[in-house]
$ cat structure-v5.txt   # compact mmCIF, C-alpha atoms
# COMPACT_ATOMS: atom_id res chain seq x y z
CA MET A 1 31.33 -41.41 23.83
CA ALA A 2 29.50 -38.20 22.85
CA ASP A 3 32.66 -36.85 21.22
CA GLN A 4 32.97 -40.07 19.23
CA TYR A 5 29.61 -39.54 17.55
CA ALA A 6 29.86 -35.75 17.11
CA PRO A 7 31.38 -35.89 13.59
CA GLN A 8 28.69 -38.30 12.38
CA ALA A 9 25.97 -36.07 13.81
CA ALA A 10 27.44 -33.01 12.12
CA ALA A 11 27.74 -34.88 8.82
CA ARG A 12 23.97 -35.37 8.76
CA TRP A 13 23.58 -31.60 8.65
CA TYR A 14 25.89 -30.92 5.71
CA ASN A 15 23.58 -31.62 2.79
CA PRO A 16 20.31 -30.19 4.20
CA THR A 17 22.11 -27.07 5.40
CA ALA A 18 23.65 -26.60 1.94
CA ASN A 19 20.17 -26.90 0.43
CA ILE A 20 18.83 -24.31 2.86
CA TYR A 21 21.71 -21.98 2.05
CA GLU A 22 20.77 -22.19 -1.63
CA THR A 23 17.15 -21.29 -0.88
CA VAL A 24 18.30 -18.28 1.14
CA SER A 25 20.66 -17.03 -1.59
CA GLY A 26 17.96 -17.59 -4.22
CA SER A 27 15.42 -15.62 -2.20
CA LEU A 28 17.90 -12.77 -1.82
CA LEU A 29 18.31 -12.64 -5.58
CA ILE A 30 14.52 -12.51 -5.97
CA LEU A 31 14.53 -9.35 -3.83
CA VAL A 32 17.41 -7.99 -5.89
CA ALA A 33 15.38 -8.68 -9.04
CA ASP A 34 12.46 -6.71 -7.64
CA MET A 35 14.81 -3.81 -6.83
CA CYS A 36 16.32 -4.00 -10.30
CA GLU A 37 12.88 -3.68 -11.84
CA ALA A 38 12.13 -0.72 -9.60
CA VAL A 39 15.29 1.21 -10.51
CA GLY A 40 15.78 0.01 -14.09
CA ALA A 41 18.73 -2.35 -13.67
CA ASP A 42 19.35 -5.88 -15.03
CA VAL A 43 19.40 -8.62 -12.39
CA SER A 44 21.23 -11.01 -14.72
CA GLN A 45 24.16 -8.57 -14.86
CA VAL A 46 24.06 -8.10 -11.09
CA ALA A 47 24.13 -11.89 -10.65
CA LEU A 48 27.04 -12.15 -13.06
CA GLY A 49 29.03 -9.64 -11.03
CA MET A 50 28.12 -11.36 -7.76
CA GLY A 51 29.28 -14.68 -9.16
CA LEU A 52 32.75 -13.27 -9.77
CA ASP A 53 33.11 -12.66 -6.04
CA PRO A 54 34.95 -15.71 -4.61
CA ARG A 55 32.81 -15.51 -1.47
CA ILE A 56 29.70 -16.25 -3.52
CA GLY A 57 30.32 -18.15 -6.78
CA THR A 58 28.11 -18.47 -9.82
CA GLU A 59 25.74 -21.31 -8.91
CA PHE A 60 22.07 -20.78 -8.05
CA LEU A 61 22.04 -17.05 -8.80
CA ASN A 62 18.85 -17.23 -10.82
CA ALA A 63 15.95 -14.85 -10.29
CA GLY A 64 12.82 -16.50 -11.62
CA ILE A 65 9.55 -17.90 -10.32
CA GLY A 66 11.08 -19.63 -7.28
CA PHE A 67 12.38 -23.03 -6.27
CA GLY A 68 10.59 -26.35 -6.07
CA GLY A 69 11.34 -30.05 -6.14
CA TYR A 70 11.62 -32.41 -3.20
CA CYS A 71 14.84 -31.51 -1.37
CA PHE A 72 14.75 -27.73 -0.97
CA PRO A 73 11.20 -27.37 0.44
CA LYS A 74 11.60 -30.51 2.58
CA ASP A 75 14.86 -29.44 4.19
CA LEU A 76 13.64 -25.88 4.72
CA ARG A 77 10.51 -27.04 6.56
CA ALA A 78 12.37 -29.72 8.53
CA PHE A 79 14.84 -27.11 9.78
CA MET A 80 11.99 -24.79 10.80
CA TYR A 81 10.25 -27.66 12.59
CA LEU A 82 13.39 -28.52 14.55
CA GLY A 83 13.84 -24.84 15.33
CA TYR A 84 10.32 -24.73 16.77
CA GLU A 85 10.98 -27.84 18.87
CA HIS A 86 14.26 -26.53 20.25
CA GLY A 87 13.41 -22.86 20.64
CA VAL A 88 15.59 -21.63 17.76
CA ASP A 89 14.24 -18.58 15.93
CA CYS A 90 13.83 -19.50 12.25
CA GLY A 91 12.14 -16.30 11.17
CA LEU A 92 14.63 -15.90 8.35
CA LEU A 93 13.62 -19.25 6.87
CA ARG A 94 9.92 -18.52 7.22
CA GLU A 95 10.47 -15.38 5.17
CA VAL A 96 12.46 -17.37 2.60
CA GLU A 97 9.51 -19.73 2.17
CA SER A 98 7.13 -16.78 1.94
CA ILE A 99 9.25 -15.03 -0.70
CA ASN A 100 9.34 -18.22 -2.74
CA LEU A 101 5.58 -18.68 -2.65
CA ARG A 102 4.88 -15.02 -3.43
CA ARG A 103 7.04 -15.25 -6.54
CA GLY A 104 4.26 -17.03 -8.39
CA GLU A 105 1.92 -14.18 -7.54
CA THR A 106 4.45 -11.73 -8.96
CA PHE A 107 4.56 -13.69 -12.20
CA VAL A 108 0.77 -13.79 -12.52
CA ARG A 109 0.71 -10.01 -12.05
CA LYS A 110 3.14 -9.73 -14.96
CA VAL A 111 0.84 -11.85 -17.09
CA ARG A 112 -2.05 -9.54 -16.20
CA GLN A 113 0.11 -6.57 -17.12
CA ALA A 114 0.79 -8.19 -20.50
CA VAL A 115 -2.76 -9.26 -21.42
CA TRP A 116 -4.91 -7.07 -19.12
CA VAL A 117 -7.66 -9.63 -18.46
CA LEU A 118 -6.94 -13.32 -17.82
CA ARG A 119 -10.44 -14.76 -18.13
CA GLY A 120 -10.97 -16.30 -21.54
CA LYS A 121 -7.44 -15.54 -22.77
CA GLN A 122 -5.56 -18.33 -24.54
CA MET A 123 -2.10 -18.94 -23.06
CA ALA A 124 0.78 -21.08 -24.33
CA VAL A 125 2.64 -22.55 -21.36
CA LEU A 126 6.17 -23.93 -21.76
CA GLY A 127 7.24 -26.15 -18.89
CA THR A 128 5.70 -27.88 -15.88
CA ALA A 129 8.70 -29.55 -14.20
CA PHE A 130 10.30 -27.73 -11.28
CA LYS A 131 13.52 -27.39 -13.29
CA GLY A 132 14.90 -28.38 -16.68
CA GLY A 133 16.29 -31.86 -17.27
CA THR A 134 13.78 -33.75 -15.13
CA ASP A 135 10.22 -35.06 -15.08
CA ASP A 136 9.89 -34.15 -11.39
CA ILE A 137 6.90 -31.89 -10.71
CA ARG A 138 6.98 -32.02 -6.91
CA GLU A 139 6.36 -28.54 -5.48
CA SER A 140 6.83 -27.15 -8.98
CA PRO A 141 6.25 -23.38 -9.11
CA ALA A 142 5.15 -23.87 -12.71
CA LEU A 143 2.20 -26.00 -11.61
CA ARG A 144 1.26 -23.51 -8.89
CA ILE A 145 1.09 -20.81 -11.55
CA ILE A 146 -0.89 -23.05 -13.91
CA LYS A 147 -3.47 -23.72 -11.17
CA THR A 148 -3.77 -19.99 -10.41
CA LEU A 149 -4.28 -19.13 -14.07
CA LEU A 150 -6.97 -21.79 -14.39
CA ASP A 151 -8.72 -20.42 -11.30
CA GLU A 152 -8.62 -16.98 -12.96
CA GLY A 153 -10.39 -18.36 -16.03
CA ALA A 154 -7.47 -18.47 -18.47
CA CYS A 155 -7.38 -21.16 -21.18
CA LEU A 156 -4.06 -23.01 -21.31
CA ARG A 157 -2.21 -25.17 -23.80
CA VAL A 158 0.76 -26.75 -22.01
CA HIS A 159 3.96 -28.49 -23.08
CA ASP A 160 6.89 -30.05 -21.22
CA PRO A 161 9.55 -32.32 -22.79
CA GLN A 162 9.50 -34.87 -19.96
CA ALA A 163 6.88 -34.08 -17.32
CA MET A 164 3.64 -34.32 -19.30
CA ASP A 165 2.42 -37.62 -17.84
CA ALA A 166 3.06 -36.57 -14.24
CA SER A 167 1.49 -33.18 -14.90
CA LYS A 168 -1.68 -34.76 -16.27
CA GLN A 169 -2.01 -36.72 -13.04
CA GLU A 170 -1.55 -33.60 -10.92
CA VAL A 171 -3.67 -31.26 -13.06
CA PRO A 172 -5.89 -33.29 -15.40
CA PRO A 173 -6.92 -31.93 -18.81
CA GLN A 174 -10.06 -29.81 -18.76
CA PRO A 175 -12.06 -29.57 -21.99
CA GLY A 176 -12.03 -26.02 -23.28
CA GLN A 177 -9.62 -24.78 -20.60
CA LEU A 178 -6.55 -27.02 -20.22
CA GLU A 179 -4.97 -29.01 -23.03
CA TYR A 180 -1.59 -30.79 -23.05
CA CYS A 181 0.26 -30.51 -26.35
CA MET A 182 2.99 -32.56 -27.97
CA SER A 183 5.08 -29.60 -29.14
CA PRO A 184 5.71 -25.97 -28.12
CA TYR A 185 4.38 -24.85 -31.50
CA GLU A 186 1.04 -26.53 -30.87
CA THR A 187 0.66 -24.58 -27.63
CA ALA A 188 1.19 -21.29 -29.47
CA ARG A 189 -1.73 -21.69 -31.87
CA GLY A 190 -4.01 -18.67 -31.35
CA ALA A 191 -2.30 -17.71 -28.07
CA HIS A 192 -2.55 -14.25 -26.55
CA ALA A 193 0.69 -14.84 -24.63
CA LEU A 194 3.46 -17.41 -24.31
CA LEU A 195 4.63 -18.18 -20.75
CA VAL A 196 8.05 -19.71 -20.03
CA LEU A 197 7.84 -21.60 -16.71
CA THR A 198 10.65 -24.20 -16.89
CA PRO A 199 14.18 -23.47 -18.19
CA TRP A 200 14.53 -26.17 -20.83
CA GLN A 201 17.39 -25.63 -23.26
CA GLU A 202 15.19 -26.54 -26.23
CA TYR A 203 12.94 -23.58 -25.48
CA ARG A 204 15.91 -21.29 -26.12
CA GLU A 205 16.21 -22.73 -29.62
CA LEU A 206 12.64 -22.35 -30.85
CA ASP A 207 11.78 -20.89 -34.25
CA TRP A 208 10.51 -17.46 -33.18
CA VAL A 209 9.32 -16.51 -36.65
CA ARG A 210 7.12 -19.61 -36.72
CA LEU A 211 5.82 -18.95 -33.20
CA ARG A 212 5.04 -15.34 -34.08
CA GLU A 213 2.94 -16.50 -37.03
CA LEU A 214 1.03 -19.02 -34.89
CA MET A 215 0.17 -16.65 -32.05
CA GLU A 216 -2.79 -14.30 -31.97
CA VAL A 217 -0.82 -11.71 -29.98
CA PRO A 218 3.03 -11.76 -29.91
CA VAL A 219 3.63 -11.51 -26.17
CA ILE A 220 6.14 -13.52 -24.10
CA VAL A 221 6.28 -13.57 -20.30
CA ASP A 222 9.53 -15.29 -19.34
CA GLY A 223 9.42 -16.52 -15.74
CA ARG A 224 12.92 -17.98 -15.93
CA ASN A 225 14.84 -15.23 -17.75
CA LEU A 226 15.64 -18.00 -20.22
CA LEU A 227 15.41 -16.10 -23.47
CA ASP A 228 17.56 -13.37 -24.95
CA PRO A 229 15.44 -10.19 -24.88
CA ASP A 230 17.04 -8.65 -27.97
CA THR A 231 16.47 -11.79 -30.02
CA VAL A 232 12.77 -12.16 -29.29
CA ARG A 233 12.06 -8.42 -29.52
CA SER A 234 13.77 -8.30 -32.90
CA GLU A 235 11.26 -10.93 -34.07
CA GLY A 236 8.37 -8.67 -33.14
CA PHE A 237 7.49 -9.92 -29.64
CA GLU A 238 6.59 -7.82 -26.65
CA TYR A 239 8.76 -9.36 -23.93
CA PHE A 240 8.40 -9.39 -20.13
CA ASP A 241 10.90 -11.02 -17.77
CA MET A 242 11.87 -11.15 -14.09
CA GLY A 243 14.11 -8.28 -13.05
CA ARG A 244 15.90 -7.47 -16.29
CA THR A 245 15.67 -4.18 -18.11
CA LEU A 246 15.58 -2.54 -21.50
CA LYS A 247 18.87 -1.02 -22.58
CA GLY A 248 17.31 2.43 -22.59
CA GLN A 249 16.72 2.18 -18.84
CA ALA A 250 20.40 1.82 -18.02
CA ASP A 251 20.83 5.55 -17.37
CA ALA A 252 18.10 5.45 -14.74
CA ALA A 253 19.82 2.52 -13.05
CA ALA A 254 23.11 4.39 -13.04
CA GLY A 255 21.39 7.31 -11.38
CA GLU A 256 20.07 5.09 -8.62
CA LEU A 257 23.57 3.68 -8.11
CA ILE A 258 24.89 7.21 -7.56
CA ARG A 259 22.24 7.66 -4.85
CA TRP A 260 23.36 4.49 -3.01
CA PRO A 261 25.93 6.28 -0.76
CA ILE A 262 23.30 8.89 0.10
CA ALA A 263 20.84 6.18 1.15
CA ALA A 264 23.54 4.39 3.16
CA GLU A 265 24.44 7.60 4.98
CA LYS A 266 20.79 8.28 5.86
CA VAL A 267 20.52 4.77 7.32
CA ARG A 268 23.75 5.25 9.29
CA VAL A 269 22.49 8.53 10.78
CA ALA A 270 19.10 7.01 11.62
CA VAL A 271 20.59 4.10 13.59
CA SER A 272 23.44 6.01 15.26

$ encode --input "structure-v5.txt" --output "structure tokens"
Amino acid sequence: MADQYAPQAAARWYNPTANIYETVSGSLLILVADMCEAVGADVSQVALGMGLDPRIGTEFLNAGIGFGGYCFPKDLRAFMYLGYEHGVDCGLLREVESINLRRGETFVRKVRQAVWVLRGKQMAVLGTAFKGGTDDIRESPALRIIKTLLDEGACLRVHDPQAMDASKQEVPPQPGQLEYCMSPYETARGAHALLVLTPWQEYRELDWVRLRELMEVPVIVDGRNLLDPDTVRSEGFEYFDMGRTLKGQADAAAGELIRWPIAAEKVRVAVS
């Protein structure tokens, strides 16, 4: 009888385990993005090369501000809970959750790097949904970042194509500090920085000349690596992203690649 129900029991694990696998691979790419920034490489090019490997594929290789939504966090925590109940070590998954949550902190540090002081600065925020193409804000990293910026005293004008109503319920407008706007251009009026928090296709197609004229300071901090760096820089913006690099830093990255066998040999000697 137990054998009869074994396939059905295993089938229940397929989808949540696939979701967990995606969170693990995404967290690995976040670490790769941090390394790319440290050595001067471009994580988008690394991800492209990884995706050509048939063992990996091209889906979900995005280094940004982390995952959200309903399914990924739910399945990750459910697996850890079952692991606790049954004595299975889920330390890997705890670290995945920690990496995901810390990613928002990394982004806020980039914003500080761009504008120096957050208190009193006017920010244009593009996106509140946890991903493009939805009005779902559950566990959205964009909203976590918005809340942190508000706590730091920043003044925000926010836009999202679909998630505005839900966002207003979660983080209500605050006179003088948080305003929801009907268009991306309205958010940019007088802004000291423009923050990309959700990868909507329409944000790729904005009129950058118009945005540049509306903003007080032409700075973009792209938490989703959505925009083309050369395009926005050519329009006069200072541009920050997550783990990509200026072309002039490529030589430094190549130098670090040459050192990789040396590092690997030192590790081998240390553990032998």

$ residues_near_point --input "structure-v5.txt" --point "(7.9, -23.7, -19.5)" --cutoff "7 Å" --atoms "only C-alpha atoms" --output "list in words"
Val125, Leu126, Gly127, Thr128, Asp160, Leu195, Val196, Leu197, Thr198 and Pro199 of chain A

$ atom_distance --input "structure-v5.txt" --atom1 "CA of Gly132 in chain A" --atom2 "CA of Pro16 in chain A"
21.6 Å

$ closest_residue --input "structure-v5.txt" --among "A:Glu235, A:Glu216, A:Asp241, A:Glu97" --to "His192 in chain A" --atoms "all atoms listed in the file"
A:Glu216

$ atom_distance --input "structure-v5.txt" --atom1 "CA of Gln174 in chain A" --atom2 "CA of Gln113 in chain A"
25.4 Å

$ atom_distance --input "structure-v5.txt" --atom1 "CA of Glu95 in chain A" --atom2 "CA of Pro73 in chain A"
12.9 Å

$ residues_around --input "structure-v5.txt" --residues "Asn100 in chain A" --least-positions-apart "2" --cutoff "7 Å" --atoms "all atoms listed in the file" --output "PyMOL selection string"
chain A and resi 27+66-67+96-98+102-103

$ residues_around --input "structure-v5.txt" --residues "Ile145 in chain A" --least-positions-apart "2" --cutoff "9 Å" --atoms "all atoms listed in the file" --output "list in words"
Gly104, Glu105, Phe107, Val108, Ser140, Pro141, Ala142, Leu143, Lys147, Thr148, Leu149, Leu150 and Leu197 of chain A

$ closest_atom_pairs --input "structure-v5.txt" --of "range 48-140 of chain A" --to "range 219-231 of chain A" --cutoff "8 Å" --atoms "all atoms listed in the file" --output "Markdown table"
| residue | atom | partner | partner_atom | distance |
| --- | --- | --- | --- | --- |
| A:Asn62 | CA | A:Arg224 | CA | 7.9 |
| A:Ala63 | CA | A:Arg224 | CA | 7.1 |
| A:Gly64 | CA | A:Arg224 | CA | 4.6 |
| A:Ile65 | CA | A:Gly223 | CA | 5.6 |
| A:Phe107 | CA | A:Gly223 | CA | 6.6 |
| A:Lys110 | CA | A:Val221 | CA | 7.3 |
| A:Val111 | CA | A:Val221 | CA | 6.5 |
| A:Ala114 | CA | A:Val219 | CA | 7.2 |

$ closest_residue --input "structure-v5.txt" --among "A:Met123, A:Ile146, A:Ala163, A:Ile137" --to "Ala191 in chain A" --atoms "all atoms listed in the file"
A:Met123

$ closest_residue --input "structure-v5.txt" --among "A:Pro161, A:Gly190, A:Gly236, A:Gly243" --to "Gln122 in chain A" --atoms "all atoms listed in the file"
A:Gly190

$ residues_around --input "structure-v5.txt" --residues "Val32 in chain A" --least-positions-apart "2" --cutoff "10 Å" --atoms "all atoms listed in the file" --output "list in words"
Gly26, Ser27, Leu28, Leu29, Ile30, Asp34, Met35, Cys36, Glu37, Ala38, Ala41, Asp42, Val43, Val46, Ala47, Ala63 and Gly243 of chain A

$ closest_residue --input "structure-v5.txt" --among "A:Val39, A:Ile20, A:Cys90, A:Met182" --to "Arg157 in chain A" --atoms "all atoms listed in the file"
A:Met182

$ closest_residue --input "structure-v5.txt" --among "A:Ala129, A:Leu118, A:Leu178, A:Ala33" --to "Gly153 in chain A" --atoms "all atoms listed in the file"
A:Leu118

$ decode --input "structure-v5.txt" --residues "range 125-201 of chain A" --atoms "C-alpha atoms" --output "mmCIF file, in the first residue's frame"
data_model
loop_
_atom_site.group_PDB
_atom_site.id
_atom_site.type_symbol
_atom_site.label_atom_id
_atom_site.label_comp_id
_atom_site.auth_asym_id
_atom_site.auth_seq_id
_atom_site.Cartn_x
_atom_site.Cartn_y
_atom_site.Cartn_z
ATOM 1 C CA VAL A 125 10.695 55.219 -7.546
ATOM 2 C CA LEU A 126 9.713 53.028 -10.506
ATOM 3 C CA GLY A 127 7.930 49.853 -9.482
ATOM 4 C CA THR A 128 6.347 48.330 -6.382
ATOM 5 C CA ALA A 129 5.214 44.876 -7.593
ATOM 6 C CA PHE A 130 7.501 41.942 -6.835
ATOM 7 C CA LYS A 131 8.012 41.414 -10.577
ATOM 8 C CA GLY A 132 6.854 42.909 -13.863
ATOM 9 C CA GLY A 133 3.525 41.920 -15.383
ATOM 10 C CA THR A 134 1.571 41.649 -12.125
ATOM 11 C CA ASP A 135 -0.135 43.709 -9.437
ATOM 12 C CA ASP A 136 1.097 41.300 -6.744
ATOM 13 C CA ILE A 137 3.041 43.065 -3.996
ATOM 14 C CA ARG A 138 3.305 40.150 -1.565
ATOM 15 C CA GLU A 139 6.819 40.013 -0.080
ATOM 16 C CA SER A 140 7.896 42.543 -2.697
ATOM 17 C CA PRO A 141 11.534 43.599 -2.255
ATOM 18 C CA ALA A 142 10.558 46.928 -3.798
ATOM 19 C CA LEU A 143 8.217 47.677 -0.904
ATOM 20 C CA ARG A 144 10.835 46.634 1.647
ATOM 21 C CA ILE A 145 13.215 49.143 0.098
ATOM 22 C CA ILE A 146 10.539 51.848 -0.010
ATOM 23 C CA LYS A 147 9.844 51.360 3.715
ATOM 24 C CA THR A 148 13.565 51.554 4.528
ATOM 25 C CA LEU A 149 13.993 54.759 2.535
ATOM 26 C CA LEU A 150 11.008 56.325 4.297
ATOM 27 C CA ASP A 151 12.473 55.353 7.670
ATOM 28 C CA GLU A 152 15.717 57.055 6.589
ATOM 29 C CA GLY A 153 13.834 60.282 5.881
ATOM 30 C CA ALA A 154 13.823 60.211 2.072
ATOM 31 C CA CYS A 155 10.904 61.764 0.169
ATOM 32 C CA LEU A 156 9.459 59.437 -2.469
ATOM 33 C CA ARG A 157 7.289 59.772 -5.550
ATOM 34 C CA VAL A 158 6.257 56.277 -6.651
ATOM 35 C CA HIS A 159 4.813 54.741 -9.809
ATOM 36 C CA ASP A 160 3.801 51.218 -10.833
ATOM 37 C CA PRO A 161 1.715 50.331 -13.927
ATOM 38 C CA GLN A 162 -0.529 47.854 -12.095
ATOM 39 C CA ALA A 163 0.212 47.687 -8.367
ATOM 40 C CA MET A 164 -0.611 51.226 -7.227
ATOM 41 C CA ASP A 165 -3.867 50.417 -5.426
ATOM 42 C CA ALA A 166 -2.391 47.466 -3.524
ATOM 43 C CA SER A 167 0.709 49.498 -2.686
ATOM 44 C CA LYS A 168 -1.369 52.327 -1.228
ATOM 45 C CA GLN A 169 -3.020 49.826 1.090
ATOM 46 C CA GLU A 170 0.331 48.415 2.208
ATOM 47 C CA VAL A 171 2.181 51.749 2.452
ATOM 48 C CA PRO A 172 -0.327 54.620 2.553
ATOM 49 C CA PRO A 173 0.557 58.045 1.117
ATOM 50 C CA GLN A 174 2.281 60.353 3.574
ATOM 51 C CA PRO A 175 1.962 64.107 2.970
ATOM 52 C CA GLY A 176 5.346 65.590 2.181
ATOM 53 C CA GLN A 177 7.125 62.220 2.151
ATOM 54 C CA LEU A 178 5.310 59.609 0.030
ATOM 55 C CA GLU A 179 3.250 60.392 -3.052
ATOM 56 C CA TYR A 180 1.882 57.951 -5.652
ATOM 57 C CA CYS A 181 2.051 59.265 -9.210
ATOM 58 C CA MET A 182 0.182 58.401 -12.379
ATOM 59 C CA SER A 183 3.235 58.387 -14.654
ATOM 60 C CA PRO A 184 6.995 57.771 -14.380
ATOM 61 C CA TYR A 185 7.609 61.336 -15.560
ATOM 62 C CA GLU A 186 5.614 62.757 -12.672
ATOM 63 C CA THR A 187 7.826 60.871 -10.212
ATOM 64 C CA ALA A 188 10.948 62.415 -11.743
ATOM 65 C CA ARG A 189 9.970 66.033 -11.123
ATOM 66 C CA GLY A 190 12.740 67.583 -8.986
ATOM 67 C CA ALA A 191 14.219 64.173 -8.101
ATOM 68 C CA HIS A 192 17.760 63.726 -6.836
ATOM 69 C CA ALA A 193 17.755 60.104 -8.041
ATOM 70 C CA LEU A 194 15.574 57.690 -9.977
ATOM 71 C CA LEU A 195 15.309 54.154 -8.546
ATOM 72 C CA VAL A 196 14.269 51.166 -10.685
ATOM 73 C CA LEU A 197 12.720 48.528 -8.399
ATOM 74 C CA THR A 198 10.461 46.452 -10.702
ATOM 75 C CA PRO A 199 11.464 45.254 -14.198
ATOM 76 C CA TRP A 200 8.571 46.595 -16.251
ATOM 77 C CA GLN A 201 9.202 46.651 -19.997
#
